[in-house]
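Dumped upload_32.txt below, it's compact mmCIF, C-alpha atoms and all ligand atoms:
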```txt
# COMPACT_ATOMS: atom_id res chain seq x y z
CA MET A 1102 -35.43 10.39 2.21
CA GLY A 1103 -32.13 8.68 1.53
CA ARG A 1104 -29.22 10.72 0.28
CA SER A 1105 -28.12 10.10 -3.27
CA CYS A 1106 -24.71 9.61 -4.78
CA GLU A 1107 -23.24 7.89 -7.83
CA ILE A 1108 -21.72 4.48 -7.19
CA TYR A 1109 -19.59 2.83 -9.88
CA ARG A 1110 -18.35 -0.75 -9.64
CA LEU A 1111 -15.01 -0.99 -11.43
CA ASP A 1112 -12.58 -3.62 -12.56
CA PRO A 1113 -9.35 -2.57 -10.77
CA GLU A 1114 -7.25 -3.74 -13.73
CA LYS A 1115 -9.42 -2.15 -16.45
CA PRO A 1116 -11.50 0.61 -14.89
CA ASP A 1117 -14.30 2.07 -16.95
CA ARG A 1118 -13.00 5.32 -18.40
CA ARG A 1119 -16.30 7.15 -18.08
CA ALA A 1120 -16.61 6.46 -14.37
CA VAL A 1121 -13.06 7.67 -13.77
CA GLU A 1122 -13.74 10.82 -15.83
CA ARG A 1123 -16.92 11.42 -13.87
CA ALA A 1124 -14.98 11.18 -10.59
CA ALA A 1125 -12.29 13.54 -11.93
CA GLU A 1126 -14.94 16.08 -12.98
CA THR A 1127 -16.46 15.87 -9.51
CA ILE A 1128 -13.06 16.60 -7.92
CA LYS A 1129 -12.54 19.55 -10.29
CA ARG A 1130 -15.83 21.17 -9.38
CA GLY A 1131 -15.15 20.88 -5.64
CA GLY A 1132 -17.03 17.65 -4.92
CA LEU A 1133 -16.08 14.59 -2.86
CA VAL A 1134 -15.09 11.20 -4.27
CA ALA A 1135 -14.40 7.98 -2.38
CA PHE A 1136 -11.81 5.97 -4.30
CA PRO A 1137 -9.69 2.84 -3.91
CA THR A 1138 -5.95 2.81 -3.32
CA GLU A 1139 -3.63 -0.15 -2.79
CA THR A 1140 -3.81 0.41 1.00
CA VAL A 1141 -7.33 1.48 2.03
CA TYR A 1142 -10.10 3.58 0.43
CA GLY A 1143 -9.67 7.34 0.47
CA LEU A 1144 -12.18 10.18 0.75
CA GLY A 1145 -10.87 12.70 -1.76
CA ALA A 1146 -11.26 16.33 -2.75
CA ASP A 1147 -9.27 18.91 -4.71
CA ALA A 1148 -6.25 19.59 -2.48
CA LEU A 1149 -5.95 23.13 -3.80
CA ASN A 1150 -9.57 24.05 -3.02
CA PRO A 1151 -9.97 24.96 0.67
CA ARG A 1152 -13.78 24.67 0.64
CA ALA A 1153 -13.71 21.23 -0.93
CA ALA A 1154 -11.06 20.08 1.56
CA ALA A 1155 -13.09 21.45 4.46
CA ARG A 1156 -15.99 19.21 3.43
CA ILE A 1157 -13.78 16.15 4.00
CA PHE A 1158 -13.42 17.08 7.68
CA GLU A 1159 -17.18 17.58 7.95
CA VAL A 1160 -18.12 14.24 6.40
CA LYS A 1161 -15.51 12.28 8.37
CA GLY A 1162 -16.15 14.09 11.63
CA ARG A 1163 -12.39 14.65 11.66
CA PRO A 1164 -10.83 17.07 14.15
CA PRO A 1165 -9.52 20.10 12.21
CA ASP A 1166 -6.02 19.74 13.70
CA ASN A 1167 -5.47 16.39 11.96
CA PRO A 1168 -3.98 17.08 8.50
CA LEU A 1169 -4.71 15.20 5.27
CA ILE A 1170 -2.42 13.29 2.92
CA VAL A 1171 -2.12 14.85 -0.54
CA HIS A 1172 -2.21 12.28 -3.37
CA VAL A 1173 -0.39 12.94 -6.63
CA SER A 1174 -0.04 11.11 -9.94
CA SER A 1175 3.38 12.44 -10.96
CA LEU A 1176 6.57 13.83 -9.52
CA ARG A 1177 5.70 17.10 -11.24
CA MET A 1178 2.50 17.28 -9.19
CA ALA A 1179 4.44 16.49 -6.01
CA ARG A 1180 6.69 19.47 -6.78
CA LEU A 1181 3.60 21.66 -6.87
CA VAL A 1182 2.57 20.81 -3.29
CA ALA A 1183 5.99 20.48 -1.64
CA ALA A 1184 8.23 23.54 -1.38
CA GLU A 1185 11.12 21.26 -2.27
CA ILE A 1186 11.84 17.60 -2.79
CA PRO A 1187 15.22 17.09 -1.18
CA GLU A 1188 17.74 14.51 -2.41
CA ARG A 1189 16.82 12.25 0.48
CA ALA A 1190 13.17 12.18 -0.54
CA LEU A 1191 14.12 11.40 -4.14
CA LYS A 1192 16.08 8.38 -2.94
CA LEU A 1193 12.84 6.97 -1.56
CA VAL A 1194 10.21 8.06 -4.03
CA GLU A 1195 12.19 7.15 -7.14
CA LYS A 1196 12.16 3.55 -5.93
CA LEU A 1197 8.89 3.33 -4.01
CA TRP A 1198 6.39 5.48 -5.94
CA PRO A 1199 3.78 4.74 -6.93
CA GLY A 1200 3.36 2.78 -3.73
CA PRO A 1201 2.33 2.76 -0.06
CA LEU A 1202 4.79 5.41 1.13
CA THR A 1203 3.91 8.91 2.34
CA VAL A 1204 6.67 11.49 2.81
CA VAL A 1205 6.34 14.58 4.98
CA LEU A 1206 8.05 17.56 3.32
CA PRO A 1207 8.05 21.35 3.64
CA LYS A 1208 4.77 22.61 2.21
CA SER A 1209 4.38 24.94 -0.75
CA PRO A 1210 2.13 28.01 -0.49
CA GLU A 1211 -0.18 26.41 -3.11
CA VAL A 1212 -1.63 24.07 -0.47
CA PRO A 1213 -4.36 25.68 1.64
CA SER A 1214 -3.77 25.53 5.37
CA VAL A 1215 -7.01 23.59 6.02
CA VAL A 1216 -5.38 20.59 4.27
CA THR A 1217 -2.24 20.64 6.42
CA ALA A 1218 -4.07 21.75 9.57
CA GLY A 1219 -1.94 24.86 9.68
CA LEU A 1220 1.39 22.99 9.67
CA GLY A 1221 4.38 24.14 7.63
CA THR A 1222 4.70 20.62 6.23
CA VAL A 1223 2.69 18.50 3.84
CA ALA A 1224 2.28 14.71 3.61
CA VAL A 1225 2.52 13.51 -0.01
CA ARG A 1226 1.97 10.14 -1.62
CA MET A 1227 1.55 8.59 -5.08
CA PRO A 1228 -0.82 5.62 -4.78
CA ALA A 1229 -0.20 2.41 -6.74
CA HIS A 1230 -3.76 1.81 -7.88
CA ARG A 1231 -4.90 2.33 -11.47
CA VAL A 1232 -8.20 3.87 -10.44
CA ALA A 1233 -6.57 6.37 -8.08
CA LEU A 1234 -3.78 7.30 -10.48
CA GLU A 1235 -6.08 7.71 -13.49
CA MET A 1236 -8.55 9.79 -11.49
CA ILE A 1237 -5.86 12.16 -10.17
CA GLU A 1238 -4.29 12.41 -13.61
CA ALA A 1239 -7.65 13.18 -15.25
CA ALA A 1240 -8.47 15.77 -12.59
CA GLY A 1241 -5.09 17.35 -13.27
CA ARG A 1242 -4.62 18.34 -9.67
CA PRO A 1243 -3.51 16.85 -6.36
CA VAL A 1244 -6.20 15.11 -4.32
CA ALA A 1245 -6.35 15.44 -0.52
CA ALA A 1246 -7.69 12.26 1.05
CA PRO A 1247 -7.83 10.65 4.46
CA SER A 1248 -9.06 7.08 4.83
CA ALA A 1249 -12.78 6.98 3.97
CA ASN A 1250 -14.02 5.82 7.42
CA PRO A 1251 -15.80 7.97 9.99
CA SER A 1252 -13.13 9.36 12.32
CA GLY A 1253 -11.94 6.82 14.92
CA ARG A 1254 -13.35 3.72 13.16
CA PRO A 1255 -11.60 0.90 11.27
CA SER A 1256 -10.45 1.99 7.80
CA PRO A 1257 -12.39 0.71 4.77
CA THR A 1258 -10.67 -2.01 2.76
CA SER A 1259 -13.54 -2.71 0.37
CA GLY A 1260 -16.07 -0.73 -1.63
CA GLU A 1261 -18.78 -2.30 0.48
CA HIS A 1262 -17.27 -0.80 3.65
CA VAL A 1263 -17.24 2.63 2.00
CA VAL A 1264 -20.84 2.43 0.85
CA ARG A 1265 -21.91 1.50 4.36
CA ASP A 1266 -19.66 4.01 6.17
CA LEU A 1267 -20.34 7.05 4.04
CA ASP A 1268 -24.02 6.48 3.44
CA CYS A 1269 -23.87 8.66 0.31
CA ARG A 1270 -22.50 11.74 2.05
CA VAL A 1271 -20.06 12.00 -0.88
CA ASP A 1272 -20.86 12.70 -4.54
CA VAL A 1273 -19.20 9.69 -6.16
CA ILE A 1274 -18.03 6.31 -4.88
CA LEU A 1275 -15.62 4.26 -6.99
CA ASP A 1276 -15.84 0.64 -5.83
CA ALA A 1277 -13.03 -1.57 -7.12
CA GLY A 1278 -13.44 -4.38 -4.59
CA GLU A 1279 -10.88 -5.20 -1.90
CA THR A 1280 -7.65 -3.28 -1.47
CA PHE A 1281 -4.29 -5.01 -1.68
CA PHE A 1282 -2.36 -4.23 1.52
CA GLY A 1283 -5.23 -3.58 3.93
CA VAL A 1284 -3.34 -1.12 6.16
CA GLU A 1285 -2.50 2.52 5.43
CA SER A 1286 0.74 3.78 3.91
CA THR A 1287 4.01 4.06 5.79
CA ILE A 1288 4.58 7.72 6.77
CA VAL A 1289 8.09 9.06 7.19
CA ASP A 1290 8.93 12.63 8.24
CA LEU A 1291 11.84 13.82 6.10
CA THR A 1292 11.87 17.32 7.53
CA ARG A 1293 13.71 15.92 10.59
CA THR A 1294 17.24 14.59 10.86
CA PRO A 1295 17.45 11.68 11.23
CA PRO A 1296 14.10 10.93 9.56
CA VAL A 1297 11.27 9.82 11.84
CA LEU A 1298 8.74 7.07 11.20
CA LEU A 1299 5.33 8.58 11.95
CA ARG A 1300 3.20 5.58 11.04
CA PRO A 1301 4.29 2.03 10.14
CA GLY A 1302 2.76 0.58 6.99
CA PRO A 1303 3.44 -1.80 4.13
CA ILE A 1304 6.95 -0.42 3.43
CA PRO A 1305 9.11 -1.69 6.32
CA VAL A 1306 11.48 0.68 8.14
CA GLU A 1307 14.36 -1.58 7.14
CA VAL A 1308 13.65 -0.81 3.47
CA LEU A 1309 13.59 2.94 4.14
CA GLU A 1310 16.91 2.75 5.99
CA LYS A 1311 18.51 0.79 3.19
CA LEU A 1312 17.43 3.25 0.49
CA LEU A 1313 18.27 6.32 2.58
CA GLY A 1314 21.57 4.96 3.81
CA GLU A 1315 20.74 6.34 7.26
CA ARG A 1316 18.92 5.35 10.40
CA VAL A 1317 15.19 6.04 10.73
CA VAL A 1318 13.93 6.82 14.22
CA VAL A 1319 11.00 4.67 15.36
CA PRO A 1320 9.44 6.51 18.32
CA PRO A 1321 7.18 4.60 20.74
CA GLU A 1322 4.17 6.35 19.19
CA ALA A 1323 4.89 4.70 15.85
CA ARG A 1324 4.64 1.34 17.57
CA GLY A 1325 1.30 2.46 18.98
CA LEU A 1326 2.60 2.73 22.56
CA ARG A 1327 1.97 6.05 24.36
CA ALA A 1328 -0.25 8.67 22.86
CA SER A 1329 1.72 11.74 23.78
CA GLU A 1330 0.28 15.13 24.61
CA ARG A 1331 2.34 16.80 21.92
CA PRO A 1332 2.36 14.12 19.25
CA LEU A 1333 4.77 13.96 16.32
CA ALA A 1334 1.90 13.55 13.88
CA PRO A 1335 -1.28 15.28 14.92
CA GLY A 1336 -3.30 12.12 14.25
CA MET A 1337 -1.33 10.19 16.86
CA LYS A 1338 -3.20 11.60 19.80
CA TYR A 1339 -6.61 10.24 18.82
CA ARG A 1340 -7.97 6.74 19.37
CA HIS A 1341 -8.18 4.99 16.03
CA TYR A 1342 -9.43 1.99 14.17
CA ALA A 1343 -11.69 0.97 17.04
CA PRO A 1344 -14.79 -1.19 16.67
CA GLU A 1345 -17.70 -0.73 19.10
CA THR A 1346 -16.78 -3.96 20.87
CA PRO A 1347 -14.09 -3.54 23.55
CA LEU A 1348 -10.79 -5.16 22.55
CA ILE A 1349 -8.29 -6.64 24.98
CA LEU A 1350 -4.90 -6.94 23.31
CA ILE A 1351 -2.49 -9.51 24.71
CA ASP A 1352 0.72 -7.64 23.93
CA GLY A 1353 4.15 -9.16 23.80
CA ASP A 1354 6.61 -10.97 21.59
CA PRO A 1355 4.75 -14.01 20.22
CA ARG A 1356 8.02 -15.94 20.38
CA ALA A 1357 7.43 -15.96 24.15
CA VAL A 1358 4.62 -18.36 23.25
CA GLU A 1359 3.92 -19.68 26.73
CA ARG A 1360 3.56 -16.27 28.33
CA VAL A 1361 1.29 -15.05 25.55
CA ILE A 1362 -0.92 -18.14 25.73
CA GLU A 1363 -1.08 -18.02 29.51
CA ALA A 1364 -2.16 -14.36 29.49
CA ALA A 1365 -4.79 -15.06 26.85
CA VAL A 1366 -6.22 -18.03 28.74
CA ARG A 1367 -6.31 -15.98 31.94
CA GLU A 1368 -8.24 -13.15 30.27
CA ALA A 1369 -10.60 -15.61 28.57
CA VAL A 1370 -11.35 -17.44 31.80
CA LYS A 1371 -12.15 -14.06 33.39
CA ALA A 1372 -14.53 -13.43 30.48
CA ARG A 1373 -16.34 -16.72 31.06
CA GLY A 1374 -20.06 -16.08 31.21
CA MET A 1375 -19.68 -13.29 28.67
CA ARG A 1376 -19.81 -13.80 24.94
CA PHE A 1377 -16.22 -13.31 23.93
CA ALA A 1378 -14.38 -13.54 20.63
CA LEU A 1379 -10.82 -14.69 20.11
CA ALA A 1380 -8.66 -13.33 17.25
CA GLY A 1381 -5.01 -13.41 16.24
CA PRO A 1382 -2.35 -15.54 14.55
CA ASP A 1383 -3.75 -18.91 13.41
CA GLU A 1384 -1.34 -21.04 15.43
CA LEU A 1385 -1.84 -19.14 18.70
CA VAL A 1386 -5.60 -18.89 18.34
CA ASP A 1387 -5.87 -22.65 17.77
CA THR A 1388 -3.79 -23.47 20.83
CA VAL A 1389 -5.64 -21.04 23.09
CA ALA A 1390 -9.04 -22.22 21.82
CA SER A 1391 -8.31 -25.86 22.56
CA MET A 1392 -7.00 -25.04 26.05
CA LEU A 1393 -10.13 -23.04 26.74
CA LEU A 1394 -12.38 -25.82 25.61
CA ARG A 1395 -10.90 -28.01 28.34
CA ARG A 1396 -11.64 -25.32 30.89
CA GLY A 1397 -15.20 -24.84 29.76
CA ALA A 1398 -14.62 -21.31 28.48
CA LYS A 1399 -15.63 -21.53 24.85
CA PRO A 1400 -15.20 -18.48 22.62
CA ALA A 1401 -18.43 -17.41 20.89
CA TRP A 1402 -16.38 -16.55 17.81
CA ILE A 1403 -12.90 -17.33 16.57
CA PHE A 1404 -11.17 -15.17 13.97
CA ARG A 1405 -7.99 -16.57 12.47
CA LEU A 1406 -6.12 -13.56 11.09
CA GLY A 1407 -3.41 -15.50 9.25
CA PRO A 1408 -0.13 -17.30 9.90
CA LEU A 1409 2.17 -15.93 12.61
CA TYR A 1410 5.09 -15.37 10.30
CA ASP A 1411 3.34 -14.08 7.19
CA THR A 1412 1.90 -10.89 8.56
CA THR A 1413 0.84 -9.65 5.09
CA VAL A 1414 -2.22 -11.90 5.46
CA ALA A 1415 -3.13 -10.40 8.85
CA ALA A 1416 -2.66 -6.88 7.46
CA ARG A 1417 -5.10 -7.65 4.65
CA ARG A 1418 -7.72 -9.11 7.01
CA LEU A 1419 -7.27 -6.77 9.95
CA PHE A 1420 -9.84 -4.02 9.43
CA LYS A 1421 -12.40 -6.38 7.93
CA THR A 1422 -12.11 -8.55 11.03
CA LEU A 1423 -12.47 -5.59 13.41
CA ARG A 1424 -15.71 -4.76 11.58
CA ARG A 1425 -16.86 -8.40 11.68
CA ILE A 1426 -16.43 -8.48 15.45
CA ASP A 1427 -19.15 -5.82 15.68
CA GLU A 1428 -21.33 -7.36 13.00
CA VAL A 1429 -21.55 -10.95 14.24
CA GLY A 1430 -23.63 -9.63 17.08
CA ALA A 1431 -23.64 -9.64 20.83
CA VAL A 1432 -19.91 -10.03 21.38
CA ASP A 1433 -19.15 -8.48 24.78
CA VAL A 1434 -15.40 -8.41 24.40
CA ALA A 1435 -12.74 -9.59 21.95
CA ILE A 1436 -9.37 -10.98 23.05
CA ILE A 1437 -6.63 -10.41 20.48
CA LEU A 1438 -3.28 -12.23 20.33
CA PRO A 1439 -0.10 -10.50 19.11
CA PHE A 1440 1.90 -10.68 15.87
CA PRO A 1441 5.66 -10.22 15.52
CA GLU A 1442 6.65 -6.58 14.92
CA ARG A 1443 8.65 -7.31 11.80
CA GLY A 1444 7.91 -5.94 8.32
CA ILE A 1445 4.23 -5.14 7.97
CA GLY A 1446 3.71 -6.80 11.38
CA LEU A 1447 4.75 -3.50 12.97
CA ALA A 1448 1.82 -1.83 11.20
CA VAL A 1449 -0.54 -4.58 12.37
CA MET A 1450 0.55 -4.16 16.01
CA ASN A 1451 0.38 -0.35 15.78
CA ARG A 1452 -3.25 -0.56 14.57
CA LEU A 1453 -4.17 -3.15 17.22
CA ARG A 1454 -2.67 -1.12 20.05
CA LYS A 1455 -4.56 1.95 18.94
CA ALA A 1456 -7.79 0.02 18.54
CA ALA A 1457 -7.50 -1.77 21.89
CA SER A 1458 -9.42 -0.54 24.89
CA ARG A 1459 -7.03 -2.43 27.18
CA ARG A 1460 -3.54 -3.89 26.75
CA VAL A 1461 -2.29 -6.80 28.80
CA GLU A 1462 1.49 -7.24 28.80
CA ALA A 1463 2.38 -10.87 28.34
O1 LIG A 1501 -2.68 4.72 2.85
C1 LIG A 1501 -2.98 5.87 3.21
O2 LIG A 1501 -2.12 6.68 3.59
C2 LIG A 1501 -4.46 6.27 3.14
C3 LIG A 1501 -4.89 6.28 1.68
C4 LIG A 1501 -6.29 6.82 1.49
O3 LIG A 1501 -3.96 7.01 0.92
N1 LIG A 1501 -4.67 7.54 3.77
C5 LIG A 1501 -4.65 7.73 5.11
O4 LIG A 1501 -4.98 9.00 5.54
O5 LIG A 1501 -4.37 6.86 5.88
P1 LIG A 1501 -5.37 9.34 7.07
O6 LIG A 1501 -5.90 10.71 7.03
O7 LIG A 1501 -6.25 8.30 7.60
O8 LIG A 1501 -4.01 9.35 7.81
C6 LIG A 1501 -3.11 10.41 7.57
C7 LIG A 1501 -2.12 10.53 8.68
C8 LIG A 1501 -2.70 11.14 9.94
O9 LIG A 1501 -2.23 10.42 11.06
C9 LIG A 1501 -2.16 12.56 9.92
O10 LIG A 1501 -2.01 13.08 11.22
C10 LIG A 1501 -0.82 12.37 9.23
O11 LIG A 1501 -1.08 11.41 8.24
N2 LIG A 1501 -0.34 13.60 8.55
C11 LIG A 1501 -0.89 14.24 7.51
N3 LIG A 1501 -0.19 15.34 7.20
C12 LIG A 1501 0.84 15.41 8.06
C13 LIG A 1501 1.93 16.31 8.28
N4 LIG A 1501 2.08 17.39 7.53
N5 LIG A 1501 2.80 16.05 9.28
C14 LIG A 1501 2.65 14.94 10.04
N6 LIG A 1501 1.64 14.05 9.90
C15 LIG A 1501 0.75 14.28 8.94
MG MG A 1502 -7.35 7.15 8.81
```
Translate the structure of the given file into structure tokens.
Ligand code: TXA
Ligand code: MG
Amino acid sequence: MGRSCEIYRLDPEKPDRRAVERAAETIKRGGLVAFPTETVYGLGADALNPRAAARIFEVKGRPPDNPLIVHVSSLRMARLVAAEIPERALKLVEKLWPGPLTVVLPKSPEVPSVVTAGLGTVAVRMPAHRVALEMIEAAGRPVAAPSANPSGRPSPTSGEHVVRDLDCRVDVILDAGETFFGVESTIVDLTRTPPVLLRPGPIPVEVLEKLLGERVVVPPEARGLRASERPLAPGMKYRHYAPETPLILIDGDPRAVERVIEAAVREAVKARGMRFALAGPDELVDTVASMLLRRGAKPAWIFRLGPLYDTTVAARRLFKTLRRIDEVGAVDVAIILPFPERGIGLAVMNRLRKAASRRVEA
């Protein structure tokens, strides 16, 4: 017997009111709803209901020490979940909300400890997606939601991914097609001085620094290098975003083109005899592929993620491509070429480093 859930296909610009109401009702009575945001799909429940929030951990297979982001539809709602919204936070959220920015603030007693994994802080964000905002507004309460993938796997960037990943273990799925950014929100911890970037995302650090008028610390973990024993964000210590297929990431500044290409060719030649895939910036992938052809090491699959210097394209295609690498079948290993760590490129490299089973320094 298959499980059953309600799936609604929505126009992201003009979502059907009844479907949104239905999702809001489900949240209110303690159910689970998968919903679109501008970054990735979320798996949501009433953030003020500890039993509902606990179900999120169950369905995702998420370790209980990894806290959830609380989604709000107004500043008033943010004030309900955060003990205070300091001046510094206002500088950011007044300009960037709704949008792909999550701020870590002192938590209010309203938020059950299961949501924040027992921490004294809470991560808050106001998503810039009509469906998400209207659902939260209609529910009249904050919605706790991690990305809607099973723990450790690539995040869902389309309704199709969610339907496949969750297999109706939630009550309602709102499918509004593909998400806009394709990588999760930028997370900045404002309870520390200076503020610390916990996860790079669509809002670049440079933008945060400009609005704050102060430096933002970018620890190695935020670049995806070093999973420390006592991580800054609990989620940092787990492997993430990983497909089943092993990934070898050629890591280095892509401006050192020759070194990057040489390392990629070396790894590919080693993989000769296996079915290997090649993925990365269009220009680098093309060069490496043609060099390999001459050496009789032909990739079974080539995935062009987008131009080197417009990393927004790669961000949008990233998780879908990681899923495709598993789906095309019988790929033994995938060799991935690097993007520049500027703007959203930092988020792309962070996700790739966490997804990689091996990193080769170029
Ligand atoms: O774009 C996004 O942020 C998406 C959409 C659905 O909104 N959500 C998302 O949630 O990416 P999730 O659970 O996949 O990632 C949340 C991250 C985790 O790394 C978690 O450890 C961290 O936020 N986090 C949550 N609360 C925190 C807190 N109080 N202090 C530090 N890190 C926190
Ligand atoms: Mg996630």
(message) What's the separation between atom CA of A:Gly1397 and atom CA of A:Gly1430, in Å to one decimal place?
(response) 21.5 Å
(message) As a quick test: using only C-alpha atoms and all ligand atoms, which residues lie no more than 8 Å away from ligand MG 1502 (chain A)? Give them as an MDAnalysis selection string.
(response) chainID A and resid 1247:1250 1252:1253 1255:1256 1285 1341:1342
Name the residues, by chain letter and number, that sit within 6 Å of ligand LIG 1501 (chain A) using all atoms listed in the file, and give them as a PDB file with C-alpha atoms, in the coordinates of the input.
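Written out: result_21.pdb:
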```pdb
ATOM      1  CA  THR A1140      -3.810   0.410   1.000  1.00  0.00           C
ATOM      2  CA  VAL A1141      -7.330   1.480   2.030  1.00  0.00           C
ATOM      3  CA  TYR A1142     -10.100   3.580   0.430  1.00  0.00           C
ATOM      4  CA  GLY A1143      -9.670   7.340   0.470  1.00  0.00           C
ATOM      5  CA  ASN A1167      -5.470  16.390  11.960  1.00  0.00           C
ATOM      6  CA  PRO A1168      -3.980  17.080   8.500  1.00  0.00           C
ATOM      7  CA  LEU A1169      -4.710  15.200   5.270  1.00  0.00           C
ATOM      8  CA  ILE A1170      -2.420  13.290   2.920  1.00  0.00           C
ATOM      9  CA  VAL A1205       6.340  14.580   4.980  1.00  0.00           C
ATOM     10  CA  THR A1217      -2.240  20.640   6.420  1.00  0.00           C
ATOM     11  CA  THR A1222       4.700  20.620   6.230  1.00  0.00           C
ATOM     12  CA  VAL A1223       2.690  18.500   3.840  1.00  0.00           C
ATOM     13  CA  ALA A1224       2.280  14.710   3.610  1.00  0.00           C
ATOM     14  CA  ALA A1246      -7.690  12.260   1.050  1.00  0.00           C
ATOM     15  CA  PRO A1247      -7.830  10.650   4.460  1.00  0.00           C
ATOM     16  CA  SER A1248      -9.060   7.080   4.830  1.00  0.00           C
ATOM     17  CA  GLU A1285      -2.500   2.520   5.430  1.00  0.00           C
ATOM     18  CA  SER A1286       0.740   3.780   3.910  1.00  0.00           C
ATOM     19  CA  ALA A1334       1.900  13.550  13.880  1.00  0.00           C
ATOM     20  CA  PRO A1335      -1.280  15.280  14.920  1.00  0.00           C
ATOM     21  CA  GLY A1336      -3.300  12.120  14.250  1.00  0.00           C
ATOM     22  CA  MET A1337      -1.330  10.190  16.860  1.00  0.00           C
TER      23      MET A1337
END
```
(message) Taking only C-alpha atoms into account, name the residue in A:Lys1371, A:Arg1356, A:Arg1324, A:Arg1452 that is nearest to A:Leu1385.
(response)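 For A:Leu1385, the nearest of the given residues is A:Arg1356.
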(request) Go ahead and compute the interatomic distance for atom CA of A:Leu1409 and atom CA of A:Ile1351, in Å to one decimal. (result)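 A separation of 14.5 Å between them.
Across the structure, atom CA of A:Ser1209 and atom CA of A:His1172 are spaced 14.5 Å apart.
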Which residues, written as a CSV table (one decimal) with C-alpha atoms, in the frame of the given file, have at least one atom at most 10 Å from A:Gly1283, with all atoms listed in the file counted and residues fewer than 6 positions away on the same chain left out?
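Writing the result to around28.csv gives the following:
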```
chain,number,residue,atom,x,y,z
A,1138,THR,CA,-6.0,2.8,-3.3
A,1139,GLU,CA,-3.6,-0.2,-2.8
A,1140,THR,CA,-3.8,0.4,1.0
A,1141,VAL,CA,-7.3,1.5,2.0
A,1142,TYR,CA,-10.1,3.6,0.4
A,1256,SER,CA,-10.4,2.0,7.8
A,1257,PRO,CA,-12.4,0.7,4.8
A,1258,THR,CA,-10.7,-2.0,2.8
A,1259,SER,CA,-13.5,-2.7,0.4
A,1302,GLY,CA,2.8,0.6,7.0
A,1303,PRO,CA,3.4,-1.8,4.1
A,1413,THR,CA,0.8,-9.6,5.1
A,1414,VAL,CA,-2.2,-11.9,5.5
A,1415,ALA,CA,-3.1,-10.4,8.8
A,1416,ALA,CA,-2.7,-6.9,7.5
A,1417,ARG,CA,-5.1,-7.6,4.6
A,1418,ARG,CA,-7.7,-9.1,7.0
A,1419,LEU,CA,-7.3,-6.8,10.0
A,1420,PHE,CA,-9.8,-4.0,9.4
A,1421,LYS,CA,-12.4,-6.4,7.9
A,1449,VAL,CA,-0.5,-4.6,12.4
```
(message) Could you check the closest approach to A:Leu1267 for each of A:Pro1228, A:Gly1200, A:Gly1162, A:Pro1347 and tell me which residue wins, using all atoms listed in the file?
(response)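 That would be A:Gly1162, the residue with the smallest distance to A:Leu1267.
Nearest residue to A:Asp1276, choosing from A:Val1134, A:Ala1153, A:Ala1146, A:Ala1184 and counting only C-alpha atoms: A:Val1134.
Excluding A:Arg1460 itself and any same-chain residue fewer than 2 positions from it, the protein and nucleic acid residues within 12 Å of it, counting only C-alpha atoms, are Gly1325, Leu1326, Arg1327, Pro1347, Leu1348, Ile1349, Leu1350, Ile1351, Asp1352, Gly1353, Ala1364, Ala1365, Glu1368, Ala1435, Ile1436, Ile1437, Leu1438, Pro1439, Met1450, Leu1453, Arg1454, Lys1455, Ala1456, Ala1457, Ser1458, Glu1462 and Ala1463 of chain A.
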Now that the selection is made, can you save its residues with C-alpha atoms as a PDB file, keeping the file's coordinate frame?
```pdb
ATOM      1  CA  GLY A1325       1.300   2.460  18.980  1.00  0.00           C
ATOM      2  CA  LEU A1326       2.600   2.730  22.560  1.00  0.00           C
ATOM      3  CA  ARG A1327       1.970   6.050  24.360  1.00  0.00           C
ATOM      4  CA  PRO A1347     -14.090  -3.540  23.550  1.00  0.00           C
ATOM      5  CA  LEU A1348     -10.790  -5.160  22.550  1.00  0.00           C
ATOM      6  CA  ILE A1349      -8.290  -6.640  24.980  1.00  0.00           C
ATOM      7  CA  LEU A1350      -4.900  -6.940  23.310  1.00  0.00           C
ATOM      8  CA  ILE A1351      -2.490  -9.510  24.710  1.00  0.00           C
ATOM      9  CA  ASP A1352       0.720  -7.640  23.930  1.00  0.00           C
ATOM     10  CA  GLY A1353       4.150  -9.160  23.800  1.00  0.00           C
ATOM     11  CA  ALA A1364      -2.160 -14.360  29.490  1.00  0.00           C
ATOM     12  CA  ALA A1365      -4.790 -15.060  26.850  1.00  0.00           C
ATOM     13  CA  GLU A1368      -8.240 -13.150  30.270  1.00  0.00           C
ATOM     14  CA  ALA A1435     -12.740  -9.590  21.950  1.00  0.00           C
ATOM     15  CA  ILE A1436      -9.370 -10.980  23.050  1.00  0.00           C
ATOM     16  CA  ILE A1437      -6.630 -10.410  20.480  1.00  0.00           C
ATOM     17  CA  LEU A1438      -3.280 -12.230  20.330  1.00  0.00           C
ATOM     18  CA  PRO A1439      -0.100 -10.500  19.110  1.00  0.00           C
ATOM     19  CA  MET A1450       0.550  -4.160  16.010  1.00  0.00           C
ATOM     20  CA  LEU A1453      -4.170  -3.150  17.220  1.00  0.00           C
ATOM     21  CA  ARG A1454      -2.670  -1.120  20.050  1.00  0.00           C
ATOM     22  CA  LYS A1455      -4.560   1.950  18.940  1.00  0.00           C
ATOM     23  CA  ALA A1456      -7.790   0.020  18.540  1.00  0.00           C
ATOM     24  CA  ALA A1457      -7.500  -1.770  21.890  1.00  0.00           C
ATOM     25  CA  SER A1458      -9.420  -0.540  24.890  1.00  0.00           C
ATOM     26  CA  GLU A1462       1.490  -7.240  28.800  1.00  0.00           C
ATOM     27  CA  ALA A1463       2.380 -10.870  28.340  1.00  0.00           C
TER      28      ALA A1463
END
```
(request) Tell me which protein, DNA and RNA residues are within 8 Å of stretch 1122-1128 of chain A, counting all atoms listed in the file, leaving out same-chain ones fewer than 6 positions away, and put them as number ranges by chain. (result) A: 1134, 1145-1147, 1236-1237, 1239-1240, 1244, 1272-1273, 1275
